[in-house]
Each structure stands twice: as structure tokens, then as C-alpha cells.
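Asks: What follows is input36.cif, mmCIF, N, CA and C atoms.
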```cif
data_data
loop_
_atom_site.label_atom_id
_atom_site.label_comp_id
_atom_site.auth_asym_id
_atom_site.auth_seq_id
_atom_site.Cartn_x
_atom_site.Cartn_y
_atom_site.Cartn_z
N MET A 10 -39.47 -48.99 19.66
CA MET A 10 -38.81 -50.19 20.14
C MET A 10 -39.72 -50.84 21.18
N SER A 11 -40.05 -52.09 20.97
CA SER A 11 -40.90 -52.79 21.93
C SER A 11 -40.08 -53.23 23.12
N HIS A 12 -40.77 -53.58 24.20
CA HIS A 12 -40.09 -54.02 25.41
C HIS A 12 -39.20 -55.23 25.14
N SER A 13 -39.64 -56.13 24.25
CA SER A 13 -38.86 -57.33 23.95
C SER A 13 -37.58 -57.01 23.18
N ASP A 14 -37.48 -55.80 22.61
CA ASP A 14 -36.29 -55.42 21.87
C ASP A 14 -35.34 -54.57 22.68
N ARG A 15 -35.59 -54.41 23.97
CA ARG A 15 -34.69 -53.64 24.83
C ARG A 15 -33.59 -54.56 25.34
N ILE A 16 -32.38 -54.03 25.32
CA ILE A 16 -31.25 -54.77 25.84
C ILE A 16 -30.47 -53.86 26.78
N ARG A 17 -29.52 -54.46 27.51
CA ARG A 17 -28.69 -53.66 28.42
C ARG A 17 -28.05 -52.50 27.67
N VAL A 18 -27.82 -51.43 28.38
CA VAL A 18 -27.26 -50.21 27.77
C VAL A 18 -25.91 -50.50 27.10
N ASP A 19 -25.04 -51.25 27.75
CA ASP A 19 -23.72 -51.52 27.16
C ASP A 19 -23.86 -52.33 25.88
N LEU A 20 -24.81 -53.26 25.85
CA LEU A 20 -25.02 -54.05 24.64
C LEU A 20 -25.64 -53.20 23.53
N GLN A 21 -26.48 -52.24 23.89
CA GLN A 21 -27.06 -51.35 22.89
C GLN A 21 -25.97 -50.50 22.24
N LEU A 22 -25.01 -50.05 23.05
CA LEU A 22 -23.90 -49.26 22.49
C LEU A 22 -23.11 -50.09 21.48
N ILE A 23 -22.90 -51.36 21.78
CA ILE A 23 -22.21 -52.25 20.84
C ILE A 23 -23.07 -52.45 19.60
N ALA A 24 -24.35 -52.74 19.79
CA ALA A 24 -25.25 -52.96 18.65
C ALA A 24 -25.28 -51.76 17.73
N ASP A 25 -25.21 -50.57 18.28
CA ASP A 25 -25.23 -49.35 17.47
C ASP A 25 -24.01 -49.25 16.56
N MET A 26 -22.91 -49.93 16.89
CA MET A 26 -21.71 -49.90 16.06
C MET A 26 -21.77 -50.90 14.91
N VAL A 27 -22.67 -51.86 14.98
CA VAL A 27 -22.73 -52.93 14.00
C VAL A 27 -23.65 -52.54 12.84
N GLU A 28 -23.12 -52.64 11.63
CA GLU A 28 -23.90 -52.32 10.43
C GLU A 28 -24.89 -53.45 10.14
N PRO A 29 -26.08 -53.11 9.66
CA PRO A 29 -27.07 -54.14 9.29
C PRO A 29 -26.54 -55.06 8.20
N GLY A 30 -26.99 -56.32 8.26
CA GLY A 30 -26.67 -57.29 7.21
C GLY A 30 -25.25 -57.81 7.21
N THR A 31 -24.50 -57.58 8.28
CA THR A 31 -23.10 -58.01 8.33
C THR A 31 -22.99 -59.37 9.02
N ARG A 32 -21.78 -59.92 8.97
CA ARG A 32 -21.47 -61.20 9.63
C ARG A 32 -20.83 -60.90 10.98
N VAL A 33 -21.37 -61.49 12.05
CA VAL A 33 -20.94 -61.18 13.42
C VAL A 33 -20.62 -62.47 14.18
N LEU A 34 -19.48 -62.47 14.86
CA LEU A 34 -19.16 -63.53 15.82
C LEU A 34 -19.17 -62.90 17.20
N ASP A 35 -20.07 -63.38 18.06
CA ASP A 35 -20.19 -62.89 19.44
C ASP A 35 -19.51 -63.92 20.35
N ILE A 36 -18.33 -63.58 20.82
CA ILE A 36 -17.53 -64.49 21.64
C ILE A 36 -17.86 -64.25 23.10
N GLY A 37 -18.23 -65.32 23.79
CA GLY A 37 -18.70 -65.19 25.16
C GLY A 37 -20.10 -64.61 25.14
N CYS A 38 -20.93 -65.16 24.28
CA CYS A 38 -22.26 -64.58 24.02
C CYS A 38 -23.26 -64.78 25.15
N GLY A 39 -22.90 -65.53 26.18
CA GLY A 39 -23.78 -65.69 27.35
C GLY A 39 -25.12 -66.28 26.97
N ASP A 40 -26.18 -65.60 27.36
CA ASP A 40 -27.53 -66.10 27.08
C ASP A 40 -28.04 -65.68 25.71
N GLY A 41 -27.21 -65.01 24.93
CA GLY A 41 -27.58 -64.64 23.57
C GLY A 41 -28.32 -63.32 23.44
N GLU A 42 -28.30 -62.51 24.49
CA GLU A 42 -29.05 -61.25 24.46
C GLU A 42 -28.61 -60.37 23.29
N LEU A 43 -27.31 -60.13 23.15
CA LEU A 43 -26.81 -59.28 22.07
C LEU A 43 -26.98 -59.97 20.72
N LEU A 44 -26.62 -61.21 20.63
CA LEU A 44 -26.70 -61.96 19.38
C LEU A 44 -28.14 -62.01 18.87
N GLY A 45 -29.08 -62.27 19.75
CA GLY A 45 -30.48 -62.30 19.36
C GLY A 45 -30.96 -60.94 18.90
N TYR A 46 -30.57 -59.90 19.61
CA TYR A 46 -30.97 -58.54 19.24
C TYR A 46 -30.43 -58.18 17.86
N LEU A 47 -29.15 -58.47 17.62
CA LEU A 47 -28.55 -58.15 16.33
C LEU A 47 -29.22 -58.92 15.20
N THR A 48 -29.56 -60.16 15.46
CA THR A 48 -30.22 -60.99 14.46
C THR A 48 -31.60 -60.43 14.12
N ARG A 49 -32.34 -60.05 15.15
CA ARG A 49 -33.71 -59.54 14.95
C ARG A 49 -33.73 -58.13 14.37
N SER A 50 -32.94 -57.24 14.95
CA SER A 50 -33.07 -55.82 14.61
C SER A 50 -32.13 -55.35 13.50
N LYS A 51 -31.05 -56.07 13.27
CA LYS A 51 -30.08 -55.61 12.27
C LYS A 51 -29.87 -56.64 11.16
N ASP A 52 -30.62 -57.73 11.21
CA ASP A 52 -30.56 -58.77 10.18
C ASP A 52 -29.12 -59.24 9.93
N VAL A 53 -28.35 -59.40 11.00
CA VAL A 53 -26.98 -59.87 10.85
C VAL A 53 -26.96 -61.39 10.70
N ASP A 54 -25.90 -61.87 10.09
CA ASP A 54 -25.62 -63.31 10.05
C ASP A 54 -24.74 -63.56 11.27
N GLY A 55 -25.36 -63.86 12.39
CA GLY A 55 -24.64 -63.94 13.65
C GLY A 55 -24.36 -65.36 14.10
N ARG A 56 -23.22 -65.52 14.75
CA ARG A 56 -22.81 -66.78 15.36
C ARG A 56 -22.32 -66.47 16.76
N GLY A 57 -22.46 -67.44 17.65
CA GLY A 57 -21.99 -67.25 19.00
C GLY A 57 -21.01 -68.33 19.41
N LEU A 58 -20.14 -67.99 20.33
CA LEU A 58 -19.23 -68.93 20.98
C LEU A 58 -19.39 -68.70 22.47
N GLU A 59 -19.75 -69.75 23.20
CA GLU A 59 -20.03 -69.61 24.63
C GLU A 59 -19.46 -70.81 25.37
N LEU A 60 -18.84 -70.53 26.51
CA LEU A 60 -18.23 -71.57 27.33
C LEU A 60 -19.24 -72.33 28.17
N SER A 61 -20.19 -71.63 28.76
CA SER A 61 -21.08 -72.28 29.72
C SER A 61 -22.18 -73.10 29.06
N ASN A 62 -22.49 -74.25 29.66
CA ASN A 62 -23.57 -75.10 29.17
C ASN A 62 -24.90 -74.35 29.21
N GLU A 63 -25.13 -73.62 30.29
CA GLU A 63 -26.39 -72.90 30.46
C GLU A 63 -26.56 -71.83 29.37
N GLY A 64 -25.50 -71.10 29.08
CA GLY A 64 -25.56 -70.08 28.03
C GLY A 64 -25.85 -70.70 26.67
N VAL A 65 -25.19 -71.80 26.37
CA VAL A 65 -25.42 -72.49 25.10
C VAL A 65 -26.87 -72.94 25.01
N ARG A 66 -27.38 -73.54 26.09
CA ARG A 66 -28.78 -73.99 26.09
C ARG A 66 -29.74 -72.82 25.87
N ASN A 67 -29.50 -71.69 26.53
CA ASN A 67 -30.36 -70.52 26.36
C ASN A 67 -30.33 -70.02 24.92
N CYS A 68 -29.17 -70.00 24.31
CA CYS A 68 -29.06 -69.55 22.92
C CYS A 68 -29.78 -70.51 21.98
N VAL A 69 -29.55 -71.78 22.15
CA VAL A 69 -30.19 -72.79 21.30
C VAL A 69 -31.71 -72.73 21.44
N ALA A 70 -32.19 -72.51 22.66
CA ALA A 70 -33.63 -72.41 22.90
C ALA A 70 -34.24 -71.23 22.14
N GLN A 71 -33.44 -70.21 21.85
CA GLN A 71 -33.90 -69.05 21.09
C GLN A 71 -33.68 -69.22 19.59
N GLY A 72 -33.11 -70.36 19.21
CA GLY A 72 -32.84 -70.60 17.80
C GLY A 72 -31.59 -69.91 17.29
N LEU A 73 -30.70 -69.53 18.19
CA LEU A 73 -29.47 -68.84 17.79
C LEU A 73 -28.37 -69.85 17.51
N PRO A 74 -27.60 -69.63 16.44
CA PRO A 74 -26.49 -70.53 16.13
C PRO A 74 -25.31 -70.26 17.05
N VAL A 75 -25.05 -71.19 17.94
CA VAL A 75 -23.98 -71.02 18.92
C VAL A 75 -23.22 -72.34 19.06
N MET A 76 -21.93 -72.23 19.29
CA MET A 76 -21.10 -73.39 19.56
C MET A 76 -20.54 -73.25 20.96
N GLN A 77 -20.42 -74.36 21.64
CA GLN A 77 -19.77 -74.33 22.94
C GLN A 77 -18.27 -74.32 22.69
N GLY A 78 -17.59 -73.36 23.32
CA GLY A 78 -16.16 -73.27 23.13
C GLY A 78 -15.54 -72.26 24.08
N ASP A 79 -14.23 -72.27 24.09
CA ASP A 79 -13.43 -71.46 24.99
C ASP A 79 -12.63 -70.45 24.16
N ALA A 80 -12.78 -69.18 24.46
CA ALA A 80 -12.07 -68.13 23.72
C ALA A 80 -10.56 -68.32 23.78
N ASP A 81 -10.06 -68.86 24.87
CA ASP A 81 -8.62 -69.07 25.01
C ASP A 81 -8.09 -70.16 24.08
N ARG A 82 -8.95 -71.11 23.71
CA ARG A 82 -8.48 -72.27 22.94
C ARG A 82 -9.07 -72.40 21.54
N ASP A 83 -10.28 -71.93 21.33
CA ASP A 83 -11.01 -72.32 20.13
C ASP A 83 -11.09 -71.27 19.02
N LEU A 84 -10.59 -70.07 19.24
CA LEU A 84 -10.67 -69.06 18.20
C LEU A 84 -9.77 -69.35 17.02
N GLY A 85 -8.74 -70.13 17.24
CA GLY A 85 -7.83 -70.52 16.15
C GLY A 85 -8.50 -71.35 15.07
N ASP A 86 -9.67 -71.91 15.37
CA ASP A 86 -10.41 -72.73 14.41
C ASP A 86 -11.13 -71.89 13.35
N TYR A 87 -11.24 -70.58 13.58
CA TYR A 87 -11.94 -69.71 12.63
C TYR A 87 -10.96 -69.16 11.61
N PRO A 88 -11.38 -69.09 10.32
CA PRO A 88 -10.47 -68.56 9.29
C PRO A 88 -10.29 -67.06 9.39
N ASP A 89 -9.21 -66.57 8.82
CA ASP A 89 -8.93 -65.14 8.77
C ASP A 89 -10.07 -64.40 8.09
N GLY A 90 -10.48 -63.28 8.66
CA GLY A 90 -11.49 -62.42 8.05
C GLY A 90 -12.84 -63.07 7.83
N ALA A 91 -13.17 -64.07 8.62
CA ALA A 91 -14.44 -64.79 8.43
C ALA A 91 -15.66 -63.96 8.79
N PHE A 92 -15.48 -62.91 9.59
CA PHE A 92 -16.61 -62.10 10.05
C PHE A 92 -16.30 -60.62 9.83
N ASP A 93 -17.37 -59.85 9.67
CA ASP A 93 -17.21 -58.40 9.59
C ASP A 93 -16.89 -57.84 10.97
N TYR A 94 -17.52 -58.42 12.00
CA TYR A 94 -17.31 -57.98 13.38
C TYR A 94 -17.05 -59.19 14.27
N ALA A 95 -16.03 -59.10 15.10
CA ALA A 95 -15.79 -60.05 16.18
C ALA A 95 -16.00 -59.28 17.48
N ILE A 96 -16.96 -59.73 18.27
CA ILE A 96 -17.35 -58.99 19.48
C ILE A 96 -16.98 -59.80 20.71
N LEU A 97 -16.36 -59.13 21.66
CA LEU A 97 -15.99 -59.73 22.94
C LEU A 97 -16.53 -58.79 24.02
N SER A 98 -17.73 -59.08 24.51
CA SER A 98 -18.40 -58.19 25.46
C SER A 98 -18.38 -58.78 26.86
N GLN A 99 -17.78 -58.03 27.78
CA GLN A 99 -17.74 -58.43 29.20
C GLN A 99 -17.12 -59.82 29.38
N THR A 100 -16.12 -60.15 28.56
CA THR A 100 -15.52 -61.48 28.59
C THR A 100 -14.00 -61.44 28.75
N LEU A 101 -13.36 -60.39 28.32
CA LEU A 101 -11.90 -60.33 28.32
C LEU A 101 -11.30 -60.63 29.69
N GLN A 102 -11.92 -60.13 30.75
CA GLN A 102 -11.38 -60.32 32.10
C GLN A 102 -11.43 -61.78 32.55
N ALA A 103 -12.21 -62.61 31.86
CA ALA A 103 -12.33 -64.02 32.23
C ALA A 103 -11.40 -64.92 31.42
N THR A 104 -10.63 -64.33 30.50
CA THR A 104 -9.72 -65.15 29.69
C THR A 104 -8.38 -65.32 30.40
N ASN A 105 -7.70 -66.40 30.07
CA ASN A 105 -6.37 -66.65 30.64
C ASN A 105 -5.27 -65.98 29.82
N ARG A 106 -5.53 -65.82 28.52
CA ARG A 106 -4.54 -65.23 27.62
C ARG A 106 -5.17 -64.08 26.84
N PRO A 107 -5.42 -62.96 27.51
CA PRO A 107 -6.13 -61.86 26.85
C PRO A 107 -5.44 -61.32 25.60
N LYS A 108 -4.12 -61.24 25.60
CA LYS A 108 -3.41 -60.72 24.42
C LYS A 108 -3.65 -61.63 23.23
N GLN A 109 -3.57 -62.92 23.42
CA GLN A 109 -3.80 -63.88 22.34
C GLN A 109 -5.26 -63.80 21.86
N VAL A 110 -6.20 -63.68 22.78
CA VAL A 110 -7.61 -63.59 22.42
C VAL A 110 -7.85 -62.34 21.58
N LEU A 111 -7.27 -61.20 21.97
CA LEU A 111 -7.43 -59.97 21.20
C LEU A 111 -6.80 -60.09 19.80
N GLU A 112 -5.65 -60.73 19.72
CA GLU A 112 -5.02 -60.95 18.42
C GLU A 112 -5.91 -61.81 17.52
N GLU A 113 -6.54 -62.83 18.10
CA GLU A 113 -7.44 -63.69 17.34
C GLU A 113 -8.67 -62.91 16.86
N LEU A 114 -9.20 -62.03 17.71
CA LEU A 114 -10.34 -61.20 17.31
C LEU A 114 -9.99 -60.38 16.07
N LEU A 115 -8.82 -59.77 16.09
CA LEU A 115 -8.39 -58.93 14.97
C LEU A 115 -8.12 -59.75 13.72
N ARG A 116 -7.77 -61.00 13.88
CA ARG A 116 -7.53 -61.88 12.73
C ARG A 116 -8.86 -62.35 12.13
N ILE A 117 -9.80 -62.71 13.00
CA ILE A 117 -11.07 -63.29 12.57
C ILE A 117 -12.01 -62.23 11.99
N GLY A 118 -12.07 -61.06 12.61
CA GLY A 118 -13.01 -60.03 12.20
C GLY A 118 -12.35 -58.89 11.45
N GLN A 119 -13.11 -58.29 10.54
CA GLN A 119 -12.63 -57.08 9.88
C GLN A 119 -12.53 -55.95 10.90
N LYS A 120 -13.47 -55.99 11.88
CA LYS A 120 -13.48 -55.04 12.99
C LYS A 120 -13.69 -55.82 14.27
N ALA A 121 -13.10 -55.34 15.35
CA ALA A 121 -13.28 -55.97 16.66
C ALA A 121 -13.89 -54.96 17.61
N ILE A 122 -14.85 -55.43 18.39
CA ILE A 122 -15.47 -54.61 19.42
C ILE A 122 -15.27 -55.32 20.75
N VAL A 123 -14.65 -54.63 21.70
CA VAL A 123 -14.35 -55.21 23.00
C VAL A 123 -14.91 -54.30 24.09
N SER A 124 -15.59 -54.90 25.05
CA SER A 124 -16.03 -54.15 26.23
C SER A 124 -15.65 -54.95 27.46
N PHE A 125 -15.51 -54.25 28.56
CA PHE A 125 -15.16 -54.93 29.81
C PHE A 125 -15.73 -54.14 30.97
N PRO A 126 -15.89 -54.82 32.11
CA PRO A 126 -16.45 -54.14 33.28
C PRO A 126 -15.53 -53.05 33.80
N ASN A 127 -16.12 -52.09 34.47
CA ASN A 127 -15.36 -51.00 35.08
C ASN A 127 -14.93 -51.44 36.49
N PHE A 128 -13.78 -52.07 36.57
CA PHE A 128 -13.28 -52.52 37.87
C PHE A 128 -12.70 -51.37 38.68
N GLY A 129 -12.64 -50.17 38.10
CA GLY A 129 -12.20 -49.00 38.84
C GLY A 129 -13.32 -48.35 39.65
N HIS A 130 -14.55 -48.78 39.41
CA HIS A 130 -15.69 -48.23 40.15
C HIS A 130 -15.51 -48.50 41.64
N TRP A 131 -15.95 -47.60 42.47
CA TRP A 131 -15.70 -47.72 43.91
C TRP A 131 -16.28 -48.99 44.50
N ARG A 132 -17.45 -49.45 44.03
CA ARG A 132 -18.04 -50.68 44.59
C ARG A 132 -17.18 -51.89 44.28
N ALA A 133 -16.66 -51.96 43.06
CA ALA A 133 -15.79 -53.07 42.68
C ALA A 133 -14.51 -53.05 43.51
N ARG A 134 -13.94 -51.88 43.69
CA ARG A 134 -12.72 -51.75 44.47
C ARG A 134 -12.97 -52.08 45.94
N PHE A 135 -14.13 -51.67 46.46
CA PHE A 135 -14.50 -51.98 47.83
C PHE A 135 -14.59 -53.49 48.04
N ASP A 136 -15.30 -54.18 47.14
CA ASP A 136 -15.44 -55.64 47.25
C ASP A 136 -14.08 -56.33 47.22
N LEU A 137 -13.22 -55.87 46.33
CA LEU A 137 -11.90 -56.49 46.22
C LEU A 137 -11.04 -56.20 47.45
N MET A 138 -11.10 -54.98 47.94
CA MET A 138 -10.26 -54.59 49.07
C MET A 138 -10.74 -55.18 50.40
N PHE A 139 -12.03 -55.08 50.66
CA PHE A 139 -12.53 -55.47 51.98
C PHE A 139 -13.14 -56.87 52.04
N ARG A 140 -13.49 -57.41 50.91
CA ARG A 140 -14.06 -58.76 50.90
C ARG A 140 -13.16 -59.76 50.20
N GLY A 141 -12.12 -59.25 49.53
CA GLY A 141 -11.17 -60.13 48.88
C GLY A 141 -11.73 -60.90 47.71
N ARG A 142 -12.72 -60.33 47.05
CA ARG A 142 -13.30 -61.03 45.90
C ARG A 142 -13.64 -60.02 44.81
N MET A 143 -13.74 -60.55 43.60
CA MET A 143 -14.13 -59.72 42.47
C MET A 143 -15.62 -59.41 42.60
N PRO A 144 -16.06 -58.31 42.01
CA PRO A 144 -17.46 -57.91 42.15
C PRO A 144 -18.40 -58.91 41.50
N GLN A 145 -19.58 -59.00 42.09
CA GLN A 145 -20.63 -59.85 41.55
C GLN A 145 -21.90 -59.01 41.52
N ASN A 146 -22.53 -58.96 40.34
CA ASN A 146 -23.76 -58.20 40.17
C ASN A 146 -24.54 -58.81 39.01
N PRO A 147 -25.70 -58.25 38.65
CA PRO A 147 -26.48 -58.85 37.57
C PRO A 147 -25.73 -58.94 36.23
N ASN A 148 -24.81 -58.01 35.97
CA ASN A 148 -24.04 -58.06 34.74
C ASN A 148 -22.84 -58.98 34.83
N LEU A 149 -22.38 -59.25 36.05
CA LEU A 149 -21.26 -60.16 36.30
C LEU A 149 -21.69 -61.16 37.38
N PRO A 150 -22.56 -62.09 37.03
CA PRO A 150 -23.14 -62.96 38.06
C PRO A 150 -22.22 -64.09 38.54
N ILE A 151 -21.13 -64.33 37.84
CA ILE A 151 -20.27 -65.46 38.17
C ILE A 151 -19.33 -65.09 39.31
N MET A 152 -19.26 -65.93 40.33
CA MET A 152 -18.33 -65.71 41.44
C MET A 152 -16.96 -66.19 41.02
N TRP A 153 -15.96 -65.30 41.12
CA TRP A 153 -14.59 -65.68 40.78
C TRP A 153 -13.60 -64.95 41.63
#
```
Produce C-alpha cells that represent the structure in this file.
Replies:
Amino acid sequence: MSHSDRIRVDLQLIADMVEPGTRVLDIGCGDGELLGYLTRSKDVDGRGLELSNEGVRNCVAQGLPVMQGDADRDLGDYPDGAFDYAILSQTLQATNRPKQVLEELLRIGQKAIVSFPNFGHWRARFDLMFRGRMPQNPNLPIMW
């Protein structure tokens, strides 16, 4: 594996679950790290959905097919079973209607893969308790 093919550990765990040559929707794809990796290393037919302008620009700059959209509102536009995998990585905590988003994932994908930050970790709990804010780090750079 070359240095350019290395991705975050959590994304590698997700990538390891995805079969080569499948259809993948990466919801909240951010800068396209996972989507790009899957496209290059697993030859998937991948699509992304990303809310932020910056994330969309980063994906497009890499030649990744991505649409700007909101997981809370726009997943209903996808047909049933349109993808082999619907992936929601480090995004569920940012949705307003998580139950609806999860139901949409299960409708859109034959399989759904969901990951979320460990807010039970002592640093996250410390920030919330003593600073009154959600944790911010390289994997969760957005202040909320």
C-alpha cells in the first residue's frame, strides 16, 4: 500500500467491509477520502452526498461524483435499493432526524454501514462537562 492509499483507521475498517465492484453511496462524504479510496482500490461505482461547499469542491477537484445535499432532506430522492452499500461515516450525530436518516439508508442500500464518534471517551466528556461544547479534533473539525 503506497502512502497515497493510506486512509484513517476508521475509514479503512469501513472500506474492508465493502466488496470490490459494488455500488456505494457515501453520505456526508466530506473531502472524499473514503469515496476516493474505494474508487481507486476497490473499483466501486461510488457516489457522494455532502452538505458543505468545501467538501463538495474537494471531491470535485479529485474527479469524484458528488452532489451537494443534506442527509436530513435529500435521501428521499434516491430509489429503493439503488446501491449495494449506503455509508454514513461520522455523520449521524450531525443530523436532525437520525431515525429517518437510518431508515433511508436501509431503503437505499442493500447494506448500510454507520460509524460515529466515541462521545463516551474521557476527552469528549471533559470538553462537554467543563467547556460546555462538543469535542473538536482533526476527525471532528466542525465547532458545534
Asks: Of the candidates A:Glu112, A:Lys51, A:Phe125, A:Arg56, which shows the shortest atom-to-atom distance to A:Asp35, using all atoms listed in the file?
Replies: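 For A:Asp35, the nearest of the given residues is A:Arg56.
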Asks: Any chance you could work out the residue set of the PyMOL selection byres (((chain A and resi 85 and name CA) around 12) and name CA) here, as a ChimeraX atom specification?
Replies: /A:78-84,86-89,91,109-117
Asks: With the file shown as input, list the residues that the PyMOL selection byres (((chain A and resi 19 and name CA) around 12) and name CA) selects, as a list in words.
Replies: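 Those residues are Arg15, Ile16, Arg17, Val18, Leu20, Gln21, Leu22, Ile23, Ala24, Asp25, Met26, Glu42, Leu43, Ser98, Gln99, Ile122, Val123, Ser124, Phe125, Pro126, Asn127 and Asn148 of chain A.
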Asks: For A:Cys68, which residue among A:Ala121, A:Val53, A:Ala95, A:Cys38 is the nearest when counting only C-alpha atoms?
Replies: A:Cys38
Asks: For the atom pair atom C of A:Gln119 and atom C of A:Asp93, what is the interatomic distance in Å to one decimal place?
Replies: 4.8 Å
Asks: Can you work out which one of A:Ser50, A:Gln77, A:Arg106, A:Phe135 has the shortest atom-to-atom distance to A:Asn62, counting all atoms listed in the file?
Replies: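 Checking each of A:Ser50, A:Gln77, A:Arg106, A:Phe135 against A:Asn62, counting all atoms listed in the file, the winner is A:Gln77.
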Asks: Run DSSP on the backbone and tell me which residues of stretch 47-101 of chain A come out as strand (DSSP E); list them as a list of chain:residue names.
Replies: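 Put together, the selection reads A:Asp54, A:Gly55, A:Arg56, A:Gly57, A:Leu58, A:Glu59, A:Val75, A:Met76, A:Gln77, A:Phe92, A:Asp93, A:Tyr94, A:Ala95, A:Ile96, A:Leu97, A:Ser98.
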Asks: Which residue, A:Pro29, A:Gly118, A:Pro107, A:Pro74, has the smallest gap to A:Gly45 when you use only C-alpha atoms?
Replies: A:Pro74
